[in-house]
file structure-v9.pdb (PDB, N, CA and C atoms)
ATOM      1  N   MET A   1    -181.438  17.754  52.166
ATOM      2  CA  MET A   1    -182.458  18.032  53.163
ATOM      3  C   MET A   1    -182.254  17.078  54.334
ATOM      4  N   GLU A   2    -182.461  17.576  55.542
ATOM      5  CA  GLU A   2    -182.306  16.743  56.719
ATOM      6  C   GLU A   2    -183.369  15.652  56.748
ATOM      7  N   SER A   3    -183.018  14.559  57.363
ATOM      8  CA  SER A   3    -184.023  13.513  57.516
ATOM      9  C   SER A   3    -184.818  13.789  58.779
ATOM     10  N   LEU A   4    -186.021  13.280  58.811
ATOM     11  CA  LEU A   4    -186.898  13.480  59.962
ATOM     12  C   LEU A   4    -186.283  12.895  61.227
ATOM     13  N   LYS A   5    -185.551  11.793  61.113
ATOM     14  CA  LYS A   5    -184.971  11.130  62.277
ATOM     15  C   LYS A   5    -183.853  11.945  62.921
ATOM     16  N   GLU A   6    -183.230  12.874  62.165
ATOM     17  CA  GLU A   6    -182.145  13.684  62.703
ATOM     18  C   GLU A   6    -182.651  14.866  63.521
ATOM     19  N   LEU A   7    -183.932  15.158  63.433
ATOM     20  CA  LEU A   7    -184.497  16.322  64.102
ATOM     21  C   LEU A   7    -185.137  15.916  65.423
ATOM     22  N   PRO A   8    -185.405  16.878  66.299
ATOM     23  CA  PRO A   8    -186.067  16.562  67.567
ATOM     24  C   PRO A   8    -187.376  15.817  67.339
ATOM     25  N   LYS A   9    -187.740  14.943  68.266
ATOM     26  CA  LYS A   9    -188.915  14.078  68.130
ATOM     27  C   LYS A   9    -190.230  14.781  68.444
ATOM     28  N   GLU A  10    -191.299  14.075  68.127
ATOM     29  CA  GLU A  10    -192.665  14.414  68.529
ATOM     30  C   GLU A  10    -193.317  15.570  67.765
ATOM     31  N   THR A  11    -193.699  15.319  66.546
ATOM     32  CA  THR A  11    -194.563  16.248  65.834
ATOM     33  C   THR A  11    -195.751  15.465  65.316
ATOM     34  N   GLU A  12    -196.754  16.181  64.857
ATOM     35  CA  GLU A  12    -197.958  15.553  64.331
ATOM     36  C   GLU A  12    -197.697  14.792  63.041
ATOM     37  N   PHE A  13    -196.567  15.037  62.405
ATOM     38  CA  PHE A  13    -196.290  14.483  61.096
ATOM     39  C   PHE A  13    -195.596  13.130  61.124
ATOM     40  N   GLU A  14    -194.951  12.781  62.221
ATOM     41  CA  GLU A  14    -194.095  11.604  62.235
ATOM     42  C   GLU A  14    -194.819  10.297  61.950
ATOM     43  N   LYS A  15    -196.009  10.151  62.435
ATOM     44  CA  LYS A  15    -196.710   8.873  62.319
ATOM     45  C   LYS A  15    -196.780   8.375  60.876
ATOM     46  N   ASN A  16    -197.111   9.222  59.951
ATOM     47  CA  ASN A  16    -197.265   8.828  58.549
ATOM     48  C   ASN A  16    -196.452   9.712  57.622
ATOM     49  N   PHE A  17    -195.250  10.076  58.056
ATOM     50  CA  PHE A  17    -194.417  11.000  57.288
ATOM     51  C   PHE A  17    -194.235  10.551  55.845
ATOM     52  N   ASN A  18    -193.954   9.286  55.626
ATOM     53  CA  ASN A  18    -193.686   8.788  54.268
ATOM     54  C   ASN A  18    -194.918   8.822  53.377
ATOM     55  N   ASN A  19    -196.094   8.932  53.956
ATOM     56  CA  ASN A  19    -197.326   9.005  53.164
ATOM     57  C   ASN A  19    -197.698  10.431  52.784
ATOM     58  N   LEU A  20    -196.988  11.408  53.340
ATOM     59  CA  LEU A  20    -197.264  12.804  53.007
ATOM     60  C   LEU A  20    -196.738  13.121  51.619
ATOM     61  N   THR A  21    -197.331  14.130  50.994
ATOM     62  CA  THR A  21    -196.819  14.611  49.713
ATOM     63  C   THR A  21    -195.436  15.231  49.945
ATOM     64  N   PRO A  22    -194.627  15.337  48.912
ATOM     65  CA  PRO A  22    -193.310  15.973  49.091
ATOM     66  C   PRO A  22    -193.407  17.378  49.689
ATOM     67  N   MET A  23    -194.415  18.150  49.301
ATOM     68  CA  MET A  23    -194.591  19.489  49.858
ATOM     69  C   MET A  23    -194.864  19.421  51.358
ATOM     70  N   MET A  24    -195.740  18.519  51.779
ATOM     71  CA  MET A  24    -196.051  18.409  53.205
ATOM     72  C   MET A  24    -194.871  17.818  53.983
ATOM     73  N   GLN A  25    -194.068  16.972  53.354
ATOM     74  CA  GLN A  25    -192.852  16.487  54.011
ATOM     75  C   GLN A  25    -191.889  17.645  54.257
ATOM     76  N   GLN A  26    -191.742  18.516  53.261
ATOM     77  CA  GLN A  26    -190.882  19.683  53.425
ATOM     78  C   GLN A  26    -191.411  20.575  54.545
ATOM     79  N   TYR A  27    -192.704  20.816  54.557
ATOM     80  CA  TYR A  27    -193.321  21.613  55.621
ATOM     81  C   TYR A  27    -193.024  20.981  56.982
ATOM     82  N   ALA A  28    -193.186  19.659  57.077
ATOM     83  CA  ALA A  28    -192.984  18.954  58.349
ATOM     84  C   ALA A  28    -191.553  19.100  58.845
ATOM     85  N   LEU A  29    -190.590  18.997  57.948
ATOM     86  CA  LEU A  29    -189.185  19.137  58.339
ATOM     87  C   LEU A  29    -188.884  20.545  58.829
ATOM     88  N   ILE A  30    -189.444  21.546  58.154
ATOM     89  CA  ILE A  30    -189.239  22.932  58.589
ATOM     90  C   ILE A  30    -189.915  23.163  59.935
ATOM     91  N   LYS A  31    -191.133  22.677  60.079
ATOM     92  CA  LYS A  31    -191.891  22.873  61.321
ATOM     93  C   LYS A  31    -191.179  22.234  62.510
ATOM     94  N   LYS A  32    -190.541  21.091  62.300
ATOM     95  CA  LYS A  32    -189.805  20.438  63.391
ATOM     96  C   LYS A  32    -188.692  21.327  63.915
ATOM     97  N   GLN A  33    -188.106  22.132  63.046
ATOM     98  CA  GLN A  33    -187.015  23.011  63.460
ATOM     99  C   GLN A  33    -187.528  24.252  64.182
ATOM    100  N   TYR A  34    -188.784  24.612  63.958
ATOM    101  CA  TYR A  34    -189.356  25.842  64.512
ATOM    102  C   TYR A  34    -190.678  25.549  65.211
ATOM    103  N   LYS A  35    -190.655  24.584  66.118
ATOM    104  CA  LYS A  35    -191.879  24.137  66.793
ATOM    105  C   LYS A  35    -192.618  25.264  67.502
ATOM    106  N   GLU A  36    -191.876  26.184  68.103
ATOM    107  CA  GLU A  36    -192.514  27.229  68.906
ATOM    108  C   GLU A  36    -193.030  28.395  68.076
ATOM    109  N   TYR A  37    -192.873  28.313  66.761
ATOM    110  CA  TYR A  37    -193.318  29.366  65.853
ATOM    111  C   TYR A  37    -194.529  28.913  65.044
ATOM    112  N   LEU A  38    -195.364  29.878  64.639
ATOM    113  CA  LEU A  38    -196.362  29.593  63.616
ATOM    114  C   LEU A  38    -195.626  29.662  62.291
ATOM    115  N   LEU A  39    -195.698  28.609  61.512
ATOM    116  CA  LEU A  39    -194.971  28.550  60.251
ATOM    117  C   LEU A  39    -195.866  28.988  59.102
ATOM    118  N   MET A  40    -195.452  30.047  58.424
ATOM    119  CA  MET A  40    -196.148  30.535  57.238
ATOM    120  C   MET A  40    -195.428  29.946  56.031
ATOM    121  N   TYR A  41    -196.100  29.073  55.301
ATOM    122  CA  TYR A  41    -195.496  28.330  54.191
ATOM    123  C   TYR A  41    -196.042  28.872  52.879
ATOM    124  N   ARG A  42    -195.165  29.406  52.033
ATOM    125  CA  ARG A  42    -195.596  30.032  50.779
ATOM    126  C   ARG A  42    -195.986  28.977  49.750
ATOM    127  N   MET A  43    -197.221  29.109  49.254
ATOM    128  CA  MET A  43    -197.727  28.253  48.183
ATOM    129  C   MET A  43    -198.433  29.169  47.187
ATOM    130  N   GLY A  44    -197.783  29.433  46.069
ATOM    131  CA  GLY A  44    -198.373  30.325  45.083
ATOM    132  C   GLY A  44    -198.537  31.720  45.645
ATOM    133  N   ASP A  45    -199.749  32.243  45.587
ATOM    134  CA  ASP A  45    -200.036  33.601  46.041
ATOM    135  C   ASP A  45    -200.420  33.681  47.517
ATOM    136  N   PHE A  46    -200.258  32.576  48.265
ATOM    137  CA  PHE A  46    -200.687  32.538  49.661
ATOM    138  C   PHE A  46    -199.586  32.034  50.575
ATOM    139  N   TYR A  47    -199.646  32.480  51.824
ATOM    140  CA  TYR A  47    -198.917  31.845  52.910
ATOM    141  C   TYR A  47    -199.933  30.948  53.601
ATOM    142  N   GLU A  48    -199.589  29.690  53.731
ATOM    143  CA  GLU A  48    -200.497  28.720  54.337
ATOM    144  C   GLU A  48    -200.000  28.321  55.716
ATOM    145  N   PHE A  49    -200.944  28.021  56.590
ATOM    146  CA  PHE A  49    -200.685  27.454  57.904
ATOM    147  C   PHE A  49    -201.339  26.075  57.918
ATOM    148  N   PHE A  50    -200.714  25.111  58.586
ATOM    149  CA  PHE A  50    -201.259  23.761  58.645
ATOM    150  C   PHE A  50    -201.339  23.265  60.081
ATOM    151  N   PHE A  51    -202.175  22.244  60.281
ATOM    152  CA  PHE A  51    -202.359  21.570  61.565
ATOM    153  C   PHE A  51    -202.662  22.585  62.665
ATOM    154  N   GLU A  52    -202.011  22.427  63.821
ATOM    155  CA  GLU A  52    -202.275  23.292  64.979
ATOM    156  C   GLU A  52    -202.042  24.758  64.649
ATOM    157  N   ASP A  53    -201.023  25.045  63.841
ATOM    158  CA  ASP A  53    -200.754  26.434  63.447
ATOM    159  C   ASP A  53    -201.961  27.040  62.737
ATOM    160  N   ALA A  54    -202.618  26.247  61.903
ATOM    161  CA  ALA A  54    -203.793  26.743  61.174
ATOM    162  C   ALA A  54    -204.931  27.063  62.128
ATOM    163  N   ILE A  55    -205.130  26.216  63.105
ATOM    164  CA  ILE A  55    -206.211  26.432  64.081
ATOM    165  C   ILE A  55    -205.959  27.722  64.857
ATOM    166  N   ILE A  56    -204.736  27.906  65.300
ATOM    167  CA  ILE A  56    -204.371  29.110  66.051
ATOM    168  C   ILE A  56    -204.500  30.355  65.173
ATOM    169  N   ALA A  57    -203.909  30.314  63.979
ATOM    170  CA  ALA A  57    -203.921  31.482  63.089
ATOM    171  C   ALA A  57    -205.335  31.846  62.659
ATOM    172  N   ALA A  58    -206.140  30.858  62.308
ATOM    173  CA  ALA A  58    -207.512  31.134  61.873
ATOM    174  C   ALA A  58    -208.295  31.825  62.982
ATOM    175  N   ASP A  59    -208.086  31.390  64.206
ATOM    176  CA  ASP A  59    -208.790  31.994  65.337
ATOM    177  C   ASP A  59    -208.346  33.445  65.553
ATOM    178  N   ILE A  60    -207.054  33.678  65.575
ATOM    179  CA  ILE A  60    -206.524  35.023  65.811
ATOM    180  C   ILE A  60    -206.887  35.971  64.669
ATOM    181  N   LEU A  61    -206.760  35.483  63.436
ATOM    182  CA  LEU A  61    -206.965  36.337  62.268
ATOM    183  C   LEU A  61    -208.415  36.406  61.805
ATOM    184  N   ASN A  62    -209.257  35.591  62.426
ATOM    185  CA  ASN A  62    -210.671  35.531  62.055
ATOM    186  C   ASN A  62    -210.831  35.214  60.559
ATOM    187  N   ILE A  63    -210.134  34.159  60.124
ATOM    188  CA  ILE A  63    -210.220  33.692  58.738
ATOM    189  C   ILE A  63    -210.721  32.253  58.720
ATOM    190  N   ALA A  64    -211.150  31.808  57.558
ATOM    191  CA  ALA A  64    -211.727  30.467  57.420
ATOM    192  C   ALA A  64    -210.674  29.388  57.658
ATOM    193  N   LEU A  65    -211.059  28.383  58.422
ATOM    194  CA  LEU A  65    -210.252  27.195  58.652
ATOM    195  C   LEU A  65    -210.789  26.108  57.738
ATOM    196  N   THR A  66    -209.917  25.554  56.909
ATOM    197  CA  THR A  66    -210.323  24.489  55.996
ATOM    198  C   THR A  66    -209.469  23.268  56.296
ATOM    199  N   LYS A  67    -209.403  22.339  55.359
ATOM    200  CA  LYS A  67    -208.530  21.179  55.547
ATOM    201  C   LYS A  67    -207.914  20.771  54.226
ATOM    202  N   ARG A  68    -206.787  20.079  54.331
ATOM    203  CA  ARG A  68    -206.044  19.624  53.166
ATOM    204  C   ARG A  68    -205.807  18.126  53.313
ATOM    205  N   GLY A  69    -206.854  17.349  53.172
ATOM    206  CA  GLY A  69    -206.719  15.898  53.248
ATOM    207  C   GLY A  69    -206.425  15.405  54.645
ATOM    208  N   LYS A  70    -205.754  14.251  54.707
ATOM    209  CA  LYS A  70    -205.470  13.609  55.992
ATOM    210  C   LYS A  70    -204.031  13.132  56.046
ATOM    211  N   ASN A  71    -203.540  13.008  57.260
ATOM    212  CA  ASN A  71    -202.270  12.354  57.561
ATOM    213  C   ASN A  71    -202.639  11.188  58.463
ATOM    214  N   GLY A  72    -202.801  10.010  57.883
ATOM    215  CA  GLY A  72    -203.341   8.881  58.638
ATOM    216  C   GLY A  72    -204.784   9.169  58.962
ATOM    217  N   ASP A  73    -205.137   9.110  60.236
ATOM    218  CA  ASP A  73    -206.494   9.415  60.671
ATOM    219  C   ASP A  73    -206.682  10.889  61.002
ATOM    220  N   LEU A  74    -205.599  11.645  60.999
ATOM    221  CA  LEU A  74    -205.630  13.044  61.408
ATOM    222  C   LEU A  74    -205.880  13.956  60.211
ATOM    223  N   GLU A  75    -206.975  14.725  60.267
ATOM    224  CA  GLU A  75    -207.224  15.703  59.208
ATOM    225  C   GLU A  75    -206.192  16.820  59.295
ATOM    226  N   ILE A  76    -205.775  17.292  58.146
ATOM    227  CA  ILE A  76    -204.789  18.365  58.088
ATOM    228  C   ILE A  76    -205.529  19.695  58.002
ATOM    229  N   ALA A  77    -205.601  20.390  59.137
ATOM    230  CA  ALA A  77    -206.229  21.711  59.167
ATOM    231  C   ALA A  77    -205.369  22.676  58.358
ATOM    232  N   MET A  78    -206.034  23.636  57.687
ATOM    233  CA  MET A  78    -205.318  24.573  56.831
ATOM    234  C   MET A  78    -206.050  25.910  56.808
ATOM    235  N   CYS A  79    -205.287  26.984  56.743
ATOM    236  CA  CYS A  79    -205.829  28.307  56.455
ATOM    237  C   CYS A  79    -204.721  29.086  55.764
ATOM    238  N   GLY A  80    -205.103  30.142  55.074
ATOM    239  CA  GLY A  80    -204.093  30.894  54.340
ATOM    240  C   GLY A  80    -204.413  32.362  54.238
ATOM    241  N   ILE A  81    -203.359  33.121  53.959
ATOM    242  CA  ILE A  81    -203.491  34.562  53.766
ATOM    243  C   ILE A  81    -202.780  34.946  52.468
ATOM    244  N   PRO A  82    -203.275  35.963  51.750
ATOM    245  CA  PRO A  82    -202.609  36.398  50.526
ATOM    246  C   PRO A  82    -201.218  36.957  50.844
ATOM    247  N   PHE A  83    -200.214  36.579  50.059
ATOM    248  CA  PHE A  83    -198.843  37.015  50.350
ATOM    249  C   PHE A  83    -198.710  38.530  50.311
ATOM    250  N   HIS A  84    -199.466  39.199  49.452
ATOM    251  CA  HIS A  84    -199.334  40.653  49.313
ATOM    252  C   HIS A  84    -199.917  41.412  50.500
ATOM    253  N   ALA A  85    -200.688  40.739  51.336
ATOM    254  CA  ALA A  85    -201.267  41.367  52.523
ATOM    255  C   ALA A  85    -200.665  40.808  53.811
ATOM    256  N   ALA A  86    -199.558  40.089  53.689
ATOM    257  CA  ALA A  86    -198.979  39.380  54.835
ATOM    258  C   ALA A  86    -198.589  40.309  55.980
ATOM    259  N   ASP A  87    -198.089  41.496  55.676
ATOM    260  CA  ASP A  87    -197.613  42.390  56.739
ATOM    261  C   ASP A  87    -198.678  42.670  57.791
ATOM    262  N   SER A  88    -199.874  42.981  57.360
ATOM    263  CA  SER A  88    -200.926  43.303  58.333
ATOM    264  C   SER A  88    -201.318  42.071  59.151
ATOM    265  N   TYR A  89    -201.331  40.900  58.519
ATOM    266  CA  TYR A  89    -201.655  39.666  59.247
ATOM    267  C   TYR A  89    -200.545  39.314  60.233
ATOM    268  N   ILE A  90    -199.305  39.480  59.810
ATOM    269  CA  ILE A  90    -198.174  39.191  60.696
ATOM    270  C   ILE A  90    -198.215  40.105  61.913
ATOM    271  N   GLN A  91    -198.504  41.387  61.705
ATOM    272  CA  GLN A  91    -198.608  42.323  62.832
ATOM    273  C   GLN A  91    -199.658  41.858  63.833
ATOM    274  N   LYS A  92    -200.785  41.403  63.329
ATOM    275  CA  LYS A  92    -201.855  40.949  64.217
ATOM    276  C   LYS A  92    -201.427  39.702  64.996
ATOM    277  N   LEU A  93    -200.742  38.783  64.328
ATOM    278  CA  LEU A  93    -200.268  37.573  65.006
ATOM    279  C   LEU A  93    -199.228  37.907  66.075
ATOM    280  N   VAL A  94    -198.299  38.781  65.741
ATOM    281  CA  VAL A  94    -197.264  39.165  66.689
ATOM    282  C   VAL A  94    -197.862  39.905  67.890
ATOM    283  N   LYS A  95    -198.810  40.797  67.628
ATOM    284  CA  LYS A  95    -199.475  41.520  68.726
ATOM    285  C   LYS A  95    -200.212  40.577  69.666
ATOM    286  N   SER A  96    -200.631  39.428  69.135
ATOM    287  CA  SER A  96    -201.332  38.448  69.976
ATOM    288  C   SER A  96    -200.355  37.571  70.755
ATOM    289  N   GLY A  97    -199.041  37.788  70.546
ATOM    290  CA  GLY A  97    -198.036  37.034  71.291
ATOM    291  C   GLY A  97    -197.410  35.862  70.539
ATOM    292  N   GLN A  98    -197.746  35.708  69.284
ATOM    293  CA  GLN A  98    -197.204  34.596  68.496
ATOM    294  C   GLN A  98    -195.840  34.949  67.907
ATOM    295  N   LYS A  99    -195.007  33.921  67.750
ATOM    296  CA  LYS A  99    -193.757  34.044  67.009
ATOM    297  C   LYS A  99    -194.012  33.454  65.627
ATOM    298  N   ILE A 100    -193.437  34.082  64.605
ATOM    299  CA  ILE A 100    -193.709  33.692  63.216
ATOM    300  C   ILE A 100    -192.423  33.263  62.527
ATOM    301  N   ALA A 101    -192.519  32.178  61.764
ATOM    302  CA  ALA A 101    -191.429  31.755  60.874
ATOM    303  C   ALA A 101    -191.999  31.740  59.469
ATOM    304  N   ILE A 102    -191.237  32.277  58.519
ATOM    305  CA  ILE A 102    -191.691  32.323  57.124
ATOM    306  C   ILE A 102    -190.723  31.534  56.269
TER     307      ILE A 102
END

call {"tool": "encode", "arguments": {"input": "structure-v9.pdb", "output": "structure tokens"}}
result
Amino acid sequence: MESLKELPKETEFEKNFNNLTPMMQQYALIKKQYKEYLLMYRMGDFYEFFFEDAIIAADILNIALTKRGKNGDLEIAMCGIPFHAADSYIQKLVKSGQKIAI
């Protein structure tokens, strides 16, 4: 896996990267590569969105915005959609002008 230092700078995760769980570190590394996309991260039966992506997706999709702990002082915003219904949600996000990475 690439190290965070090898990727382009300036994401919300860098400040406390080493304090993130391994799953959130993986998410952060993927997100750094696809900054301009909303990243749908598969966790069990859901695709999850985190941080700014969650805020944007929750607003567009009219779904609940929750949180998944903190990264330093920054709360980790989160929202999710069931994987089996992803197509309809993706269509709505794309129609709103968003680019999606899965």

call {"tool": "residues_around", "arguments": {"input": "structure-v9.pdb", "residues": "segment 36-53 of chain A", "least_positions_apart": "6", "cutoff": "7 Å", "atoms": "only C-alpha atoms", "output": "PDB file with N, CA and C atoms, keeping the file's coordinate frame"}}
result
ATOM      1  N   ILE A  76    -205.775  17.292  58.146  1.00  0.00           N
ATOM      2  CA  ILE A  76    -204.789  18.365  58.088  1.00  0.00           C
ATOM      3  C   ILE A  76    -205.529  19.695  58.002  1.00  0.00           C
ATOM      4  N   ALA A  77    -205.601  20.390  59.137  1.00  0.00           N
ATOM      5  CA  ALA A  77    -206.229  21.711  59.167  1.00  0.00           C
ATOM      6  C   ALA A  77    -205.369  22.676  58.358  1.00  0.00           C
ATOM      7  N   MET A  78    -206.034  23.636  57.687  1.00  0.00           N
ATOM      8  CA  MET A  78    -205.318  24.573  56.831  1.00  0.00           C
ATOM      9  C   MET A  78    -206.050  25.910  56.808  1.00  0.00           C
ATOM     10  N   CYS A  79    -205.287  26.984  56.743  1.00  0.00           N
ATOM     11  CA  CYS A  79    -205.829  28.307  56.455  1.00  0.00           C
ATOM     12  C   CYS A  79    -204.721  29.086  55.764  1.00  0.00           C
ATOM     13  N   GLY A  80    -205.103  30.142  55.074  1.00  0.00           N
ATOM     14  CA  GLY A  80    -204.093  30.894  54.340  1.00  0.00           C
ATOM     15  C   GLY A  80    -204.413  32.362  54.238  1.00  0.00           C
ATOM     16  N   ILE A  81    -203.359  33.121  53.959  1.00  0.00           N
ATOM     17  CA  ILE A  81    -203.491  34.562  53.766  1.00  0.00           C
ATOM     18  C   ILE A  81    -202.780  34.946  52.468  1.00  0.00           C
ATOM     19  N   PRO A  82    -203.275  35.963  51.750  1.00  0.00           N
ATOM     20  CA  PRO A  82    -202.609  36.398  50.526  1.00  0.00           C
ATOM     21  C   PRO A  82    -201.218  36.957  50.844  1.00  0.00           C
ATOM     22  N   PHE A  83    -200.214  36.579  50.059  1.00  0.00           N
ATOM     23  CA  PHE A  83    -198.843  37.015  50.350  1.00  0.00           C
ATOM     24  C   PHE A  83    -198.710  38.530  50.311  1.00  0.00           C
ATOM     25  N   LYS A  99    -195.007  33.921  67.750  1.00  0.00           N
ATOM     26  CA  LYS A  99    -193.757  34.044  67.009  1.00  0.00           C
ATOM     27  C   LYS A  99    -194.012  33.454  65.627  1.00  0.00           C
ATOM     28  N   ILE A 100    -193.437  34.082  64.605  1.00  0.00           N
ATOM     29  CA  ILE A 100    -193.709  33.692  63.216  1.00  0.00           C
ATOM     30  C   ILE A 100    -192.423  33.263  62.527  1.00  0.00           C
ATOM     31  N   ALA A 101    -192.519  32.178  61.764  1.00  0.00           N
ATOM     32  CA  ALA A 101    -191.429  31.755  60.874  1.00  0.00           C
ATOM     33  C   ALA A 101    -191.999  31.740  59.469  1.00  0.00           C
ATOM     34  N   ILE A 102    -191.237  32.277  58.519  1.00  0.00           N
ATOM     35  CA  ILE A 102    -191.691  32.323  57.124  1.00  0.00           C
ATOM     36  C   ILE A 102    -190.723  31.534  56.269  1.00  0.00           C
TER      37      ILE A 102
END

call {"tool": "resolve_selection", "arguments": {"input": "structure-v9.pdb", "expression": "the PyMOL selection byres (((chain A and resi 65 and name CA) around 8) and name CA)", "output": "PDB file with N, CA and C atoms, in the coordinates of the input"}}
result
ATOM      1  N   ALA A  54    -202.618  26.247  61.903  1.00  0.00           N
ATOM      2  CA  ALA A  54    -203.793  26.743  61.174  1.00  0.00           C
ATOM      3  C   ALA A  54    -204.931  27.063  62.128  1.00  0.00           C
ATOM      4  N   ILE A  55    -205.130  26.216  63.105  1.00  0.00           N
ATOM      5  CA  ILE A  55    -206.211  26.432  64.081  1.00  0.00           C
ATOM      6  C   ILE A  55    -205.959  27.722  64.857  1.00  0.00           C
ATOM      7  N   ALA A  58    -206.140  30.858  62.308  1.00  0.00           N
ATOM      8  CA  ALA A  58    -207.512  31.134  61.873  1.00  0.00           C
ATOM      9  C   ALA A  58    -208.295  31.825  62.982  1.00  0.00           C
ATOM     10  N   ILE A  63    -210.134  34.159  60.124  1.00  0.00           N
ATOM     11  CA  ILE A  63    -210.220  33.692  58.738  1.00  0.00           C
ATOM     12  C   ILE A  63    -210.721  32.253  58.720  1.00  0.00           C
ATOM     13  N   ALA A  64    -211.150  31.808  57.558  1.00  0.00           N
ATOM     14  CA  ALA A  64    -211.727  30.467  57.420  1.00  0.00           C
ATOM     15  C   ALA A  64    -210.674  29.388  57.658  1.00  0.00           C
ATOM     16  N   THR A  66    -209.917  25.554  56.909  1.00  0.00           N
ATOM     17  CA  THR A  66    -210.323  24.489  55.996  1.00  0.00           C
ATOM     18  C   THR A  66    -209.469  23.268  56.296  1.00  0.00           C
ATOM     19  N   LYS A  67    -209.403  22.339  55.359  1.00  0.00           N
ATOM     20  CA  LYS A  67    -208.530  21.179  55.547  1.00  0.00           C
ATOM     21  C   LYS A  67    -207.914  20.771  54.226  1.00  0.00           C
ATOM     22  N   ALA A  77    -205.601  20.390  59.137  1.00  0.00           N
ATOM     23  CA  ALA A  77    -206.229  21.711  59.167  1.00  0.00           C
ATOM     24  C   ALA A  77    -205.369  22.676  58.358  1.00  0.00           C
ATOM     25  N   MET A  78    -206.034  23.636  57.687  1.00  0.00           N
ATOM     26  CA  MET A  78    -205.318  24.573  56.831  1.00  0.00           C
ATOM     27  C   MET A  78    -206.050  25.910  56.808  1.00  0.00           C
ATOM     28  N   CYS A  79    -205.287  26.984  56.743  1.00  0.00           N
ATOM     29  CA  CYS A  79    -205.829  28.307  56.455  1.00  0.00           C
ATOM     30  C   CYS A  79    -204.721  29.086  55.764  1.00  0.00           C
TER      31      CYS A  79
END

call {"tool": "closest_residue", "arguments": {"input": "structure-v9.pdb", "among": "A:Lys32, A:Arg68, A:Ile60, A:Gln25", "to": "Lys92 of chain A", "atoms": "all atoms listed in the file"}}
result
A:Ile60

call {"tool": "select_by_dssp", "arguments": {"input": "structure-v9.pdb", "residues": "chain A", "states": "strand (DSSP E or B)", "output": "MDAnalysis selection string"}}
result
chainID A and resid 38:39 41:43 46:50 66:71 74:82 100:101

call {"tool": "select_by_dssp", "arguments": {"input": "structure-v9.pdb", "residues": "segment 33-95 of chain A", "states": "helix (DSSP H, G or I)", "output": "list of chain:residue names"}}
result
A:Gln33, A:Phe51, A:Glu52, A:Asp53, A:Ala54, A:Ile55, A:Ile56, A:Ala57, A:Ala58, A:Asp59, A:Ile60, A:Leu61, A:Phe83, A:His84, A:Ala85, A:Ala86, A:Asp87, A:Ser88, A:Tyr89, A:Ile90, A:Gln91, A:Lys92, A:Leu93, A:Val94, A:Lys95

call {"tool": "atom_distance", "arguments": {"input": "structure-v9.pdb", "atom1": "atom CA of Tyr27 of chain A", "atom2": "atom CA of Ile56 of chain A"}}
result
16.9 Å

call {"tool": "atom_distance", "arguments": {"input": "structure-v9.pdb", "atom1": "atom CA of Leu61 of chain A", "atom2": "atom CA of Gln33 of chain A"}}
result
24.0 Å

call {"tool": "atom_distance", "arguments": {"input": "structure-v9.pdb", "atom1": "atom C of Gln91 of chain A", "atom2": "atom C of Lys35 of chain A"}}
result
18.4 Å

call {"tool": "axis_aligned_box", "arguments": {"input": "structure-v9.pdb", "around": "segment 39-57 of chain A", "padding_each_side": "3 Å", "output": "JSON"}}
result
{"center_x": -200.6, "center_y": 27.6, "center_z": 55.6, "size_x": 17.2, "size_y": 18.1, "size_z": 27.0}

call {"tool": "decode", "arguments": {"input": "structure-v9.pdb", "residues": "segment 54-84 of chain A", "atoms": "C-alpha atoms", "output": "PDB file, in the first residue's frame"}}
result
ATOM      1  CA  ALA A  54     -20.731  12.327   3.673  1.00  0.00           C
ATOM      2  CA  ILE A  55     -22.036  15.866   4.081  1.00  0.00           C
ATOM      3  CA  ILE A  56     -22.453  16.271   0.326  1.00  0.00           C
ATOM      4  CA  ALA A  57     -23.994  12.819  -0.233  1.00  0.00           C
ATOM      5  CA  ALA A  58     -26.397  13.080   2.707  1.00  0.00           C
ATOM      6  CA  ASP A  59     -27.666  16.405   1.403  1.00  0.00           C
ATOM      7  CA  ILE A  60     -28.129  15.224  -2.192  1.00  0.00           C
ATOM      8  CA  LEU A  61     -29.608  11.847  -1.255  1.00  0.00           C
ATOM      9  CA  ASN A  62     -31.704  13.170   1.624  1.00  0.00           C
ATOM     10  CA  ILE A  63     -30.333  10.529   4.017  1.00  0.00           C
ATOM     11  CA  ALA A  64     -29.250  10.739   7.650  1.00  0.00           C
ATOM     12  CA  LEU A  65     -25.830  12.205   8.392  1.00  0.00           C
ATOM     13  CA  THR A  66     -24.180  10.573  11.390  1.00  0.00           C
ATOM     14  CA  LYS A  67     -20.623  10.429  12.697  1.00  0.00           C
ATOM     15  CA  ARG A  68     -17.933   7.839  13.259  1.00  0.00           C
ATOM     16  CA  GLY A  69     -15.810   9.148  16.110  1.00  0.00           C
ATOM     17  CA  LYS A  70     -13.131  11.786  15.677  1.00  0.00           C
ATOM     18  CA  ASN A  71      -9.863  12.410  13.885  1.00  0.00           C
ATOM     19  CA  GLY A  72      -8.129  14.684  16.374  1.00  0.00           C
ATOM     20  CA  ASP A  73     -10.608  17.469  17.048  1.00  0.00           C
ATOM     21  CA  LEU A  74     -12.472  16.855  13.790  1.00  0.00           C
ATOM     22  CA  GLU A  75     -15.617  14.726  13.950  1.00  0.00           C
ATOM     23  CA  ILE A  76     -15.815  12.154  11.190  1.00  0.00           C
ATOM     24  CA  ALA A  77     -19.100  12.729   9.370  1.00  0.00           C
ATOM     25  CA  MET A  78     -20.610   9.546   7.932  1.00  0.00           C
ATOM     26  CA  CYS A  79     -23.605   8.386   5.926  1.00  0.00           C
ATOM     27  CA  GLY A  80     -24.319   5.186   4.073  1.00  0.00           C
ATOM     28  CA  ILE A  81     -26.488   3.476   1.520  1.00  0.00           C
ATOM     29  CA  PRO A  82     -27.366  -0.233   1.175  1.00  0.00           C
ATOM     30  CA  PHE A  83     -25.123  -1.876  -1.444  1.00  0.00           C
ATOM     31  CA  HIS A  84     -28.082  -3.610  -3.113  1.00  0.00           C
TER      32      HIS A  84
END
